[in-house]
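A.B. asks: What follows is a structure written as structure tokens; I'll ask about it next.
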Amino acid sequence: MKLATWNVNSLKVRLPQVLQWLKDNPVDVLCLQETKLTDDKFPVTEINAAGYNVVFSGQKTYNGVAILSRHEISAVIKKNPYFEDEQQRLIAATIAGIRIVCAYVVNGQEVGSEKYQYKLKWLKGLHEWLAEECTSHSQLAVLGDYNIAPGDRDVHDPAAWKGQILVSEPERAALQDLLNLGLEDAFRLFDQPEKSFSWWDYRQLGFRLNKGLRIDHILLSHSLVKRCTGCVIDRIPRKWEQPSDHAPVIATID
DNA sequence: ATGGCCTCGGTTCGAGGA
């Protein structure tokens with residue numbers, strides 16, 4: 001069983017790449033973020049034709065999330081019952097006995113800004129909801145773009161980024177609060193190469209110089225940690241023409 | 001020193017992303 005997450009930065013632009021990637025990597029579940037499509041424009045037919053069921057929650061221009069699955073999808077939730085939000089950033093479903101949560105965490109723009117306050121509040125609301133999901137689902141996986149680099153080893157230049165957005169202590173503390181619910185960062189269950197990142201700026205030759213951050217994560221409950229046999233970042237599609245700025249992350253569950 | 005790219009909406013630029 002393979003679970004994956006990928007911020008595609010517009011599914012309209014990236015659909016051919018998503019379909020190609022699924023051909024090369026026929027994962028069981030793929031969570032997408034930043035689809036940037038209203039639900040009436042979602043490419044259901046193309047995704048079904050590729051052998052995947054799909055549920056989604058989108059809006060115009062910004063945000064938007066989806067879960068693709070080779071297996072039956074049930075018990076879909078598109079809103080955090082503990083946090084009122086007009087932005088479409090969450091979708092959850094049960095697939096093959098695993099509770100899957102797909103999250104596109106707020107970016108926050110700049111430490112101290114209004115958007116930053118919204119990010120911290122949003123994360124608090126997520127925490128409240130996941131606390132409940134943890135108690136009702138022992139097999140829980142929370143996949144997505146967290147817009148937080150957990151530690152300095154997840155940052156290409158920790159000195160330059162110190163205290164900045166995606167790295168600031170309150171953001172890291174909010175992520176740690178999620179982990180304290182009984183979740184673990186699947187990527188760090190295993191030995192990994194140094195300077196492993198999941199996002200690189202389009203500017204400044206970010207990818208070629210590997211100036212990146214690891215901000216896309218798969219968090220697993222203890223029952224799933226026991227079943228997890230690997231977690232990798234797939235840098236290949238970041239090398240394609242007109243790529244997303246994020247790379248997919250894949251966890252393997254026995 | 002600054003900003004350097006990409007997407008969208010909708011016009012020829014601004015907002016947002018990270």
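Order determines the names: the first chain of the structure tokens is A, the second B, and so forth; residues in each chain are numbered 1 upward, and ligands are numbered 1 upward as they are shown.
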Show me a table, sorted first by chain and then by increasing residue number, of the residues of chain A having an atom at most 8 Å from chain B, each with its shortest atom pair and the distance in Å to one decimal, counting only C-alpha atoms (C1' of nucleotides) and written as CSV.
C.D. replies:
residue,atom,partner,partner_atom,distance
A:Asn9,CA,B:DT7,C1',7.7
A:Ser10,CA,B:DT7,C1',7.2
A:Thr61,CA,B:DC8,C1',5.8
A:Asn107,CA,B:DA18,C1',7.0
A:Gln109,CA,B:DA18,C1',7.6
A:Asn147,CA,B:DA18,C1',7.6
A:Leu166,CA,B:DA18,C1',7.6
A:Asp201,CA,B:DA18,C1',7.3
A:Tyr202,CA,B:DC5,C1',4.7
A:Arg203,CA,B:DC5,C1',4.9
A:Gln204,CA,B:DG4,C1',6.4
A.B. asks: Do you know which residues are at most 8 Å from His217 of chain A counting only C-alpha atoms (C1' of nucleotides), after dropping those on the same chain fewer than 2 positions away, and could you put them as a list of chain:residue names?
C.D. replies: A:Thr5, A:Leu143, A:Gly144, A:Asp145, A:Tyr146, A:Asp185, A:Ala186, A:Phe187, A:Arg214, A:Ile215, A:Leu219, A:Val249
A.B. asks: So how far away is atom CA of Gln192 of chain A from atom CA of Ser223 of chain A, in Å?
C.D. replies: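 Taking atom CA of Ser223 of chain A as the start and atom CA of Gln192 of chain A as the end point, the length is 22.0 Å.
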A.B. asks: Write out as a list in words which residues come within 8 Å of segment 230-232 of chain A when counting only C-alpha atoms (C1' of nucleotides), dropping same-chain ones fewer than 2 positions away.
C.D. replies: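 Here the answer would be Ala186, Phe187, Leu189, Phe190, Cys228, Asp234, Val249, Ile250, Ala251, Thr252 and Ile253 of chain A.
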A.B. asks: Give me the residues within 9 Å of Ala173 of chain A as a PyMOL selection string, counting only C-alpha atoms (C1' of nucleotides) and dropping any in the same chain fewer than 5 places off.
C.D. replies: chain A and resi 150+168+178
A.B. asks: Please, what distance in Å, to one decimal, runs between atom CA of Ile47 of chain A and atom CA of Asp254 of chain A?
C.D. replies: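 Interatomic distance, atom CA of Ile47 of chain A to atom CA of Asp254 of chain A: 25.4 Å.
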A.B. asks: By how many Å are atom CA of Gly64 of chain A and atom CA of Lys12 of chain A apart?
C.D. replies: 11.7 Å
